[in-house]
file coords06.cif (mmCIF, C-alpha atoms)
data_input
#
loop_
_atom_site.group_PDB
_atom_site.id
_atom_site.type_symbol
_atom_site.label_atom_id
_atom_site.label_comp_id
_atom_site.auth_asym_id
_atom_site.auth_seq_id
_atom_site.Cartn_x
_atom_site.Cartn_y
_atom_site.Cartn_z
ATOM 1 C CA ALA N 134 -96.106 -83.338 181.344
ATOM 2 C CA GLN N 135 -94.229 -86.607 181.422
ATOM 3 C CA LYS N 136 -90.768 -86.337 180.025
ATOM 4 C CA VAL N 137 -87.385 -88.030 180.088
ATOM 5 C CA THR N 138 -84.270 -85.982 179.421
ATOM 6 C CA GLN N 139 -80.902 -87.407 178.530
ATOM 7 C CA ALA N 140 -78.898 -84.265 178.047
ATOM 8 C CA GLN N 141 -75.735 -86.013 176.874
ATOM 9 C CA THR N 142 -76.129 -86.790 173.185
ATOM 10 C CA GLU N 143 -72.766 -88.427 172.753
ATOM 11 C CA ILE N 144 -69.911 -89.292 175.101
ATOM 12 C CA SER N 145 -66.473 -90.574 174.181
ATOM 13 C CA VAL N 146 -64.161 -92.120 176.752
ATOM 14 C CA VAL N 147 -60.978 -94.089 176.683
ATOM 15 C CA GLU N 148 -61.136 -97.693 177.758
ATOM 16 C CA LYS N 149 -60.963 -98.224 181.533
ATOM 17 C CA GLU N 150 -62.357 -94.796 182.295
ATOM 18 C CA ASP N 151 -65.525 -94.465 184.354
ATOM 19 C CA VAL N 152 -68.493 -92.809 182.722
ATOM 20 C CA THR N 153 -71.861 -91.618 184.036
ATOM 21 C CA LEU N 154 -74.930 -91.287 181.846
ATOM 22 C CA ASP N 155 -77.524 -88.858 183.135
ATOM 23 C CA CYS N 156 -81.283 -89.276 183.113
ATOM 24 C CA VAL N 157 -83.785 -86.761 184.474
ATOM 25 C CA TYR N 158 -87.503 -87.417 184.388
ATOM 26 C CA GLU N 159 -90.736 -85.557 184.966
ATOM 27 C CA THR N 160 -93.953 -87.168 186.091
ATOM 28 C CA ARG N 161 -97.079 -86.329 188.056
ATOM 29 C CA ASP N 162 -97.634 -89.888 189.199
ATOM 30 C CA THR N 163 -96.513 -91.254 192.530
ATOM 31 C CA THR N 164 -96.272 -94.768 191.131
ATOM 32 C CA TYR N 165 -93.982 -95.160 188.169
ATOM 33 C CA TYR N 166 -91.122 -97.289 186.927
ATOM 34 C CA LEU N 167 -87.774 -96.436 185.456
ATOM 35 C CA PHE N 168 -85.677 -98.506 183.098
ATOM 36 C CA TRP N 169 -82.328 -98.429 181.339
ATOM 37 C CA TYR N 170 -81.752 -100.180 178.030
ATOM 38 C CA LYS N 171 -78.684 -100.665 175.889
ATOM 39 C CA GLN N 172 -79.002 -100.639 172.107
ATOM 40 C CA PRO N 173 -75.911 -102.016 170.357
ATOM 41 C CA PRO N 174 -75.405 -101.561 166.590
ATOM 42 C CA SER N 175 -77.546 -104.634 165.924
ATOM 43 C CA GLY N 176 -80.538 -102.598 167.103
ATOM 44 C CA GLU N 177 -81.983 -105.011 169.625
ATOM 45 C CA LEU N 178 -82.774 -103.396 172.959
ATOM 46 C CA VAL N 179 -81.023 -105.030 175.887
ATOM 47 C CA PHE N 180 -82.659 -104.629 179.289
ATOM 48 C CA LEU N 181 -80.270 -103.391 181.996
ATOM 49 C CA ILE N 182 -82.291 -102.433 185.040
ATOM 50 C CA ARG N 183 -85.726 -101.522 186.378
ATOM 51 C CA ARG N 184 -86.671 -99.446 189.412
ATOM 52 C CA ASN N 185 -90.013 -98.583 190.942
ATOM 53 C CA SER N 186 -90.758 -95.214 192.450
ATOM 54 C CA PHE N 187 -90.820 -96.560 195.990
ATOM 55 C CA ASP N 188 -87.382 -98.086 195.905
ATOM 56 C CA GLU N 189 -84.566 -95.574 196.044
ATOM 57 C CA GLN N 190 -81.873 -98.081 196.819
ATOM 58 C CA ASN N 191 -78.898 -97.795 194.576
ATOM 59 C CA GLU N 192 -77.885 -100.916 192.739
ATOM 60 C CA ILE N 193 -74.634 -102.366 191.543
ATOM 61 C CA SER N 194 -74.291 -105.134 189.011
ATOM 62 C CA GLY N 195 -70.718 -105.886 188.084
ATOM 63 C CA ARG N 196 -69.279 -102.787 186.423
ATOM 64 C CA TYR N 197 -72.708 -101.146 186.245
ATOM 65 C CA SER N 198 -74.290 -99.066 188.992
ATOM 66 C CA TRP N 199 -77.376 -96.909 189.186
ATOM 67 C CA ASN N 200 -78.196 -93.935 191.381
ATOM 68 C CA PHE N 201 -81.896 -93.172 191.812
ATOM 69 C CA GLN N 202 -82.743 -89.893 193.550
ATOM 70 C CA LYS N 203 -86.396 -88.885 193.730
ATOM 71 C CA SER N 204 -85.488 -85.503 195.219
ATOM 72 C CA THR N 205 -83.825 -84.531 191.952
ATOM 73 C CA SER N 206 -85.904 -86.814 189.692
ATOM 74 C CA SER N 207 -82.779 -88.454 188.408
ATOM 75 C CA PHE N 208 -81.803 -92.006 187.615
ATOM 76 C CA ASN N 209 -78.163 -91.953 186.567
ATOM 77 C CA PHE N 210 -76.148 -94.870 185.245
ATOM 78 C CA THR N 211 -72.432 -95.351 185.810
ATOM 79 C CA ILE N 212 -70.106 -97.752 184.034
ATOM 80 C CA THR N 213 -66.812 -98.279 185.800
ATOM 81 C CA ALA N 214 -63.709 -99.392 183.949
ATOM 82 C CA SER N 215 -65.434 -99.015 180.591
ATOM 83 C CA GLN N 216 -64.724 -101.469 177.797
ATOM 84 C CA VAL N 217 -65.013 -101.235 174.026
ATOM 85 C CA VAL N 218 -67.991 -103.619 174.175
ATOM 86 C CA ASP N 219 -69.871 -100.981 176.161
ATOM 87 C CA SER N 220 -70.060 -98.839 173.036
ATOM 88 C CA ALA N 221 -73.762 -98.466 172.253
ATOM 89 C CA VAL N 222 -76.704 -96.137 172.604
ATOM 90 C CA TYR N 223 -78.231 -96.131 176.062
ATOM 91 C CA PHE N 224 -81.861 -95.227 176.665
ATOM 92 C CA CYS N 225 -83.553 -94.262 179.883
ATOM 93 C CA ALA N 226 -87.320 -94.871 179.978
ATOM 94 C CA LEU N 227 -90.174 -93.910 182.270
ATOM 95 C CA SER N 228 -93.210 -96.180 182.531
ATOM 96 C CA GLU N 229 -96.382 -94.763 183.964
ATOM 97 C CA PRO N 230 -100.116 -95.400 183.589
ATOM 98 C CA SER N 231 -101.905 -93.994 180.581
ATOM 99 C CA THR N 232 -105.556 -92.938 180.571
ATOM 100 C CA SER N 233 -106.507 -96.498 179.565
ATOM 101 C CA GLY N 234 -104.688 -97.963 182.533
ATOM 102 C CA THR N 235 -101.949 -99.521 180.413
ATOM 103 C CA TYR N 236 -98.442 -98.491 181.318
ATOM 104 C CA LYS N 237 -96.663 -96.749 178.455
ATOM 105 C CA TYR N 238 -92.983 -96.055 178.076
ATOM 106 C CA ILE N 239 -91.588 -92.616 177.508
ATOM 107 C CA PHE N 240 -88.065 -92.879 176.179
ATOM 108 C CA GLY N 241 -85.303 -90.354 176.500
ATOM 109 C CA THR N 242 -83.444 -89.310 173.383
ATOM 110 C CA GLY N 243 -80.591 -91.650 174.187
ATOM 111 C CA THR N 244 -76.881 -91.208 174.847
ATOM 112 C CA ARG N 245 -74.394 -92.622 172.371
ATOM 113 C CA LEU N 246 -71.362 -93.942 174.222
ATOM 114 C CA LYS N 247 -68.119 -94.551 172.379
ATOM 115 C CA VAL N 248 -65.389 -96.340 174.249
ATOM 116 C CA LEU N 249 -62.049 -96.000 172.522
ATOM 117 C CA ALA N 250 -59.340 -98.624 172.836
ATOM 118 C CA GLY B 202 -88.743 -116.343 179.750
ATOM 119 C CA ALA B 203 -90.509 -113.319 178.250
ATOM 120 C CA VAL B 204 -89.149 -113.712 174.733
ATOM 121 C CA VAL B 205 -90.578 -111.697 171.873
ATOM 122 C CA SER B 206 -89.787 -112.448 168.247
ATOM 123 C CA GLN B 207 -90.251 -110.390 165.126
ATOM 124 C CA HIS B 208 -90.371 -111.517 161.536
ATOM 125 C CA PRO B 209 -88.862 -110.624 159.191
ATOM 126 C CA SER B 210 -85.720 -109.092 160.671
ATOM 127 C CA ARG B 211 -85.003 -107.216 157.469
ATOM 128 C CA VAL B 212 -87.084 -106.429 154.420
ATOM 129 C CA ILE B 213 -86.446 -104.509 151.234
ATOM 130 C CA CYS B 214 -89.392 -103.675 149.047
ATOM 131 C CA LYS B 215 -90.364 -101.490 146.127
ATOM 132 C CA SER B 216 -92.306 -98.295 146.577
ATOM 133 C CA GLY B 217 -96.052 -98.909 146.515
ATOM 134 C CA THR B 218 -96.009 -102.422 147.929
ATOM 135 C CA SER B 219 -97.334 -103.498 151.311
ATOM 136 C CA VAL B 220 -95.204 -105.121 153.970
ATOM 137 C CA LYS B 221 -96.372 -107.172 156.940
ATOM 138 C CA ILE B 222 -94.331 -107.479 160.123
ATOM 139 C CA GLU B 223 -95.175 -110.097 162.745
ATOM 140 C CA CYS B 224 -94.587 -109.801 166.465
ATOM 141 C CA ARG B 225 -94.947 -112.886 168.642
ATOM 142 C CA SER B 226 -94.642 -113.480 172.368
ATOM 143 C CA LEU B 227 -93.090 -116.926 172.497
ATOM 144 C CA ASP B 228 -93.475 -118.028 176.085
ATOM 145 C CA PHE B 229 -96.181 -115.842 177.541
ATOM 146 C CA GLN B 230 -99.501 -114.255 176.667
ATOM 147 C CA ALA B 231 -99.633 -110.539 176.036
ATOM 148 C CA THR B 232 -102.912 -108.698 176.144
ATOM 149 C CA THR B 233 -101.163 -105.560 174.971
ATOM 150 C CA MET B 234 -98.435 -105.056 172.415
ATOM 151 C CA PHE B 235 -96.809 -101.832 171.324
ATOM 152 C CA TRP B 236 -95.320 -100.781 167.996
ATOM 153 C CA TYR B 237 -92.454 -98.318 167.801
ATOM 154 C CA ARG B 238 -90.578 -96.709 164.955
ATOM 155 C CA GLN B 239 -86.998 -95.583 165.188
ATOM 156 C CA PHE B 240 -85.272 -93.430 162.582
ATOM 157 C CA PRO B 241 -81.468 -93.389 162.402
ATOM 158 C CA LYS B 242 -79.830 -91.780 165.412
ATOM 159 C CA GLN B 243 -83.184 -91.051 167.007
ATOM 160 C CA SER B 244 -85.139 -92.434 169.900
ATOM 161 C CA LEU B 245 -88.007 -94.886 169.792
ATOM 162 C CA MET B 246 -91.315 -93.289 168.975
ATOM 163 C CA LEU B 247 -94.512 -95.046 169.965
ATOM 164 C CA MET B 248 -96.791 -95.562 166.983
ATOM 165 C CA ALA B 249 -99.667 -97.505 168.447
ATOM 166 C CA THR B 250 -100.952 -99.686 171.237
ATOM 167 C CA SER B 251 -102.430 -102.985 170.184
ATOM 168 C CA ASN B 252 -104.910 -104.842 172.385
ATOM 169 C CA GLU B 253 -106.013 -108.395 171.706
ATOM 170 C CA GLY B 254 -109.446 -108.510 170.163
ATOM 171 C CA SER B 255 -109.925 -104.784 169.783
ATOM 172 C CA LYS B 256 -108.873 -101.931 167.549
ATOM 173 C CA ALA B 257 -105.439 -100.463 167.989
ATOM 174 C CA THR B 258 -104.963 -97.041 169.512
ATOM 175 C CA TYR B 259 -102.726 -94.837 167.413
ATOM 176 C CA GLU B 260 -100.541 -91.998 168.624
ATOM 177 C CA GLN B 261 -101.111 -88.537 167.292
ATOM 178 C CA GLY B 262 -99.703 -88.074 163.822
ATOM 179 C CA VAL B 263 -99.642 -91.771 162.911
ATOM 180 C CA GLU B 264 -101.804 -92.629 159.902
ATOM 181 C CA LYS B 265 -104.189 -95.441 160.785
ATOM 182 C CA ASP B 266 -104.848 -96.358 157.164
ATOM 183 C CA LYS B 267 -101.172 -96.585 156.377
ATOM 184 C CA PHE B 268 -100.086 -98.605 159.390
ATOM 185 C CA LEU B 269 -102.613 -101.375 159.891
ATOM 186 C CA ILE B 270 -102.349 -103.232 163.163
ATOM 187 C CA ASN B 271 -104.046 -106.504 163.980
ATOM 188 C CA HIS B 272 -103.814 -108.280 167.326
ATOM 189 C CA ALA B 273 -105.419 -111.568 166.435
ATOM 190 C CA SER B 274 -104.395 -113.586 169.467
ATOM 191 C CA LEU B 275 -102.707 -113.237 172.828
ATOM 192 C CA THR B 276 -99.379 -114.097 171.240
ATOM 193 C CA LEU B 277 -99.467 -112.379 167.848
ATOM 194 C CA SER B 278 -99.722 -108.831 166.613
ATOM 195 C CA THR B 279 -99.046 -107.733 163.047
ATOM 196 C CA LEU B 280 -98.145 -104.365 161.547
ATOM 197 C CA THR B 281 -98.821 -103.868 157.859
ATOM 198 C CA VAL B 282 -97.244 -100.896 156.142
ATOM 199 C CA THR B 283 -99.526 -100.254 153.195
ATOM 200 C CA SER B 284 -98.333 -98.660 149.983
ATOM 201 C CA ALA B 285 -94.888 -98.155 151.435
ATOM 202 C CA HIS B 286 -92.766 -95.212 150.336
ATOM 203 C CA PRO B 287 -89.096 -94.413 150.899
ATOM 204 C CA GLU B 288 -89.959 -92.171 153.854
ATOM 205 C CA ASP B 289 -91.401 -95.232 155.626
ATOM 206 C CA SER B 290 -87.934 -96.760 155.693
ATOM 207 C CA SER B 291 -87.149 -97.199 159.361
ATOM 208 C CA PHE B 292 -86.477 -99.655 162.170
ATOM 209 C CA TYR B 293 -89.748 -101.031 163.554
ATOM 210 C CA ILE B 294 -89.766 -102.526 167.029
ATOM 211 C CA CYS B 295 -92.595 -104.269 168.815
ATOM 212 C CA SER B 296 -92.961 -104.974 172.502
ATOM 213 C CA ALA B 297 -95.263 -107.079 174.603
ATOM 214 C CA TYR B 298 -96.612 -105.886 177.894
ATOM 215 C CA VAL B 299 -97.370 -108.081 180.859
ATOM 216 C CA GLN B 300 -99.752 -106.411 183.236
ATOM 217 C CA GLY B 301 -98.685 -106.490 186.838
ATOM 218 C CA ARG B 302 -95.111 -107.418 186.067
ATOM 219 C CA TRP B 303 -93.375 -104.165 186.889
ATOM 220 C CA ALA B 304 -95.263 -102.517 184.028
ATOM 221 C CA GLU B 305 -92.406 -103.828 181.921
ATOM 222 C CA GLN B 306 -92.350 -104.237 178.189
ATOM 223 C CA PHE B 307 -90.413 -107.015 176.513
ATOM 224 C CA PHE B 308 -88.978 -105.975 173.189
ATOM 225 C CA GLY B 309 -88.613 -107.809 169.930
ATOM 226 C CA PRO B 310 -85.331 -107.640 168.005
ATOM 227 C CA GLY B 311 -86.737 -105.188 165.471
ATOM 228 C CA THR B 312 -87.397 -105.170 161.726
ATOM 229 C CA ARG B 313 -85.400 -102.992 159.395
ATOM 230 C CA LEU B 314 -87.558 -101.833 156.499
ATOM 231 C CA THR B 315 -86.017 -100.318 153.407
ATOM 232 C CA VAL B 316 -88.326 -99.017 150.708
ATOM 233 C CA LEU B 317 -86.692 -98.415 147.341
#

call {"tool": "encode", "arguments": {"input": "coords06.cif", "output": "structure tokens"}}
result
Amino acid sequence: AQKVTQAQTEISVVEKEDVTLDCVYETRDTTYYLFWYKQPPSGELVFLIRRNSFDEQNEISGRYSWNFQKSTSSFNFTITASQVVDSAVYFCALSEPSTSGTYKYIFGTGTRLKVLA
Amino acid sequence: GAVVSQHPSRVICKSGTSVKIECRSLDFQATTMFWYRQFPKQSLMLMATSNEGSKATYEQGVEKDKFLINHASLTLSTLTVTSAHPEDSSFYICSAYVQGRWAEQFFGPGTRLTVL
């Protein structure tokens, strides 16, 4: 069955520390997409990154980096030199085709990150 | 591009009343829109898939008669919570799906519903 696991419910770090948020997924499809979203207290989901199942290249965007490993079905997210503004809930999502052909998202349970000044 | 709006952003109503939430894709056409519900400190749960011109498909456990969905055009889907009760208080989020574009959904800012 399709599933996304974010085992870390809540993480607290001190500003400037690096932090890695884990995401493990399960799928039977060979074609799928993975996403990370940030949800600040306002509630609006902020898109961070997308990856398709054929592209295992790691990506770096400023202080953010992502490590996609199909062998372990993981798509982990690292924030280097964390800042207070990084405090939010982070969701990992798997998008794969449903029986109707439409791609549906399966969200993980989210990781609440608190960055302390 | 790919902006989705929701209206209202916040609504407080009395128990027993009906509330309508609008979801619009502002700069693109969306054949499919999704409706999610999020309770405090929980993840997003898919309620239903809305396709333009056809009936919505509801997820297991979601009451069709309570959560009425209408996808009247390629840019507008509405969710009506009928006879709302305090347990319906939640954060409702819509998204619009663009086929072929990375299977990506574009999310609205959400509507916070409080039923007194």

call {"tool": "resolve_selection", "arguments": {"input": "coords06.cif", "expression": "the PyMOL selection byres ((chain B) within 9 of (chain N))", "output": "PDB file with C-alpha atoms, in the frame of the given file"}}
result
ATOM      1  CA  THR B 233    -101.163-105.560 174.971  1.00  0.00           C
ATOM      2  CA  PHE B 235     -96.809-101.832 171.324  1.00  0.00           C
ATOM      3  CA  LYS B 242     -79.830 -91.780 165.412  1.00  0.00           C
ATOM      4  CA  GLN B 243     -83.184 -91.051 167.007  1.00  0.00           C
ATOM      5  CA  SER B 244     -85.139 -92.434 169.900  1.00  0.00           C
ATOM      6  CA  LEU B 245     -88.007 -94.886 169.792  1.00  0.00           C
ATOM      7  CA  MET B 246     -91.315 -93.289 168.975  1.00  0.00           C
ATOM      8  CA  LEU B 247     -94.512 -95.046 169.965  1.00  0.00           C
ATOM      9  CA  THR B 250    -100.952 -99.686 171.237  1.00  0.00           C
ATOM     10  CA  PHE B 292     -86.477 -99.655 162.170  1.00  0.00           C
ATOM     11  CA  ILE B 294     -89.766-102.526 167.029  1.00  0.00           C
ATOM     12  CA  TYR B 298     -96.612-105.886 177.894  1.00  0.00           C
ATOM     13  CA  GLN B 300     -99.752-106.411 183.236  1.00  0.00           C
ATOM     14  CA  TRP B 303     -93.375-104.165 186.889  1.00  0.00           C
ATOM     15  CA  ALA B 304     -95.263-102.517 184.028  1.00  0.00           C
ATOM     16  CA  GLU B 305     -92.406-103.828 181.921  1.00  0.00           C
ATOM     17  CA  GLN B 306     -92.350-104.237 178.189  1.00  0.00           C
ATOM     18  CA  PHE B 307     -90.413-107.015 176.513  1.00  0.00           C
ATOM     19  CA  PHE B 308     -88.978-105.975 173.189  1.00  0.00           C
ATOM     20  CA  GLY B 309     -88.613-107.809 169.930  1.00  0.00           C
ATOM     21  CA  PRO B 310     -85.331-107.640 168.005  1.00  0.00           C
ATOM     22  CA  GLY B 311     -86.737-105.188 165.471  1.00  0.00           C
TER      23      GLY B 311
END

call {"tool": "resolve_selection", "arguments": {"input": "coords06.cif", "expression": "the PyMOL selection byres ((chain B and resi 271) around 12)", "output": "PDB file with C-alpha atoms, keeping the file's coordinate frame"}}
result
ATOM      1  CA  LYS B 221     -96.372-107.172 156.940  1.00  0.00           C
ATOM      2  CA  ILE B 222     -94.331-107.479 160.123  1.00  0.00           C
ATOM      3  CA  GLU B 223     -95.175-110.097 162.745  1.00  0.00           C
ATOM      4  CA  CYS B 224     -94.587-109.801 166.465  1.00  0.00           C
ATOM      5  CA  THR B 233    -101.163-105.560 174.971  1.00  0.00           C
ATOM      6  CA  MET B 234     -98.435-105.056 172.415  1.00  0.00           C
ATOM      7  CA  PHE B 235     -96.809-101.832 171.324  1.00  0.00           C
ATOM      8  CA  TRP B 236     -95.320-100.781 167.996  1.00  0.00           C
ATOM      9  CA  ALA B 249     -99.667 -97.505 168.447  1.00  0.00           C
ATOM     10  CA  THR B 250    -100.952 -99.686 171.237  1.00  0.00           C
ATOM     11  CA  SER B 251    -102.430-102.985 170.184  1.00  0.00           C
ATOM     12  CA  ASN B 252    -104.910-104.842 172.385  1.00  0.00           C
ATOM     13  CA  GLU B 253    -106.013-108.395 171.706  1.00  0.00           C
ATOM     14  CA  GLY B 254    -109.446-108.510 170.163  1.00  0.00           C
ATOM     15  CA  SER B 255    -109.925-104.784 169.783  1.00  0.00           C
ATOM     16  CA  LYS B 256    -108.873-101.931 167.549  1.00  0.00           C
ATOM     17  CA  ALA B 257    -105.439-100.463 167.989  1.00  0.00           C
ATOM     18  CA  THR B 258    -104.963 -97.041 169.512  1.00  0.00           C
ATOM     19  CA  LYS B 265    -104.189 -95.441 160.785  1.00  0.00           C
ATOM     20  CA  PHE B 268    -100.086 -98.605 159.390  1.00  0.00           C
ATOM     21  CA  LEU B 269    -102.613-101.375 159.891  1.00  0.00           C
ATOM     22  CA  ILE B 270    -102.349-103.232 163.163  1.00  0.00           C
ATOM     23  CA  HIS B 272    -103.814-108.280 167.326  1.00  0.00           C
ATOM     24  CA  ALA B 273    -105.419-111.568 166.435  1.00  0.00           C
ATOM     25  CA  SER B 274    -104.395-113.586 169.467  1.00  0.00           C
ATOM     26  CA  LEU B 275    -102.707-113.237 172.828  1.00  0.00           C
ATOM     27  CA  THR B 276     -99.379-114.097 171.240  1.00  0.00           C
ATOM     28  CA  LEU B 277     -99.467-112.379 167.848  1.00  0.00           C
ATOM     29  CA  SER B 278     -99.722-108.831 166.613  1.00  0.00           C
ATOM     30  CA  THR B 279     -99.046-107.733 163.047  1.00  0.00           C
ATOM     31  CA  LEU B 280     -98.145-104.365 161.547  1.00  0.00           C
ATOM     32  CA  THR B 281     -98.821-103.868 157.859  1.00  0.00           C
ATOM     33  CA  VAL B 282     -97.244-100.896 156.142  1.00  0.00           C
TER      34      VAL B 282
END

call {"tool": "closest_residue", "arguments": {"input": "coords06.cif", "among": "N:Leu246, N:Gln216, N:Leu227, N:Gly195", "to": "Thr138 (chain N)", "atoms": "all atoms listed in the file"}}
result
N:Leu227

call {"tool": "closest_residue", "arguments": {"input": "coords06.cif", "among": "N:Asn209, N:Ser204, N:Ser231, N:Gln141", "to": "Ile182 (chain N)", "atoms": "only C-alpha atoms"}}
result
N:Asn209

call {"tool": "residues_around", "arguments": {"input": "coords06.cif", "residues": "Gln202 (chain N)", "least_positions_apart": "5", "cutoff": "7 Å", "atoms": "all atoms listed in the file", "output": "ChimeraX atom specification"}}
result
/N:189,207-208
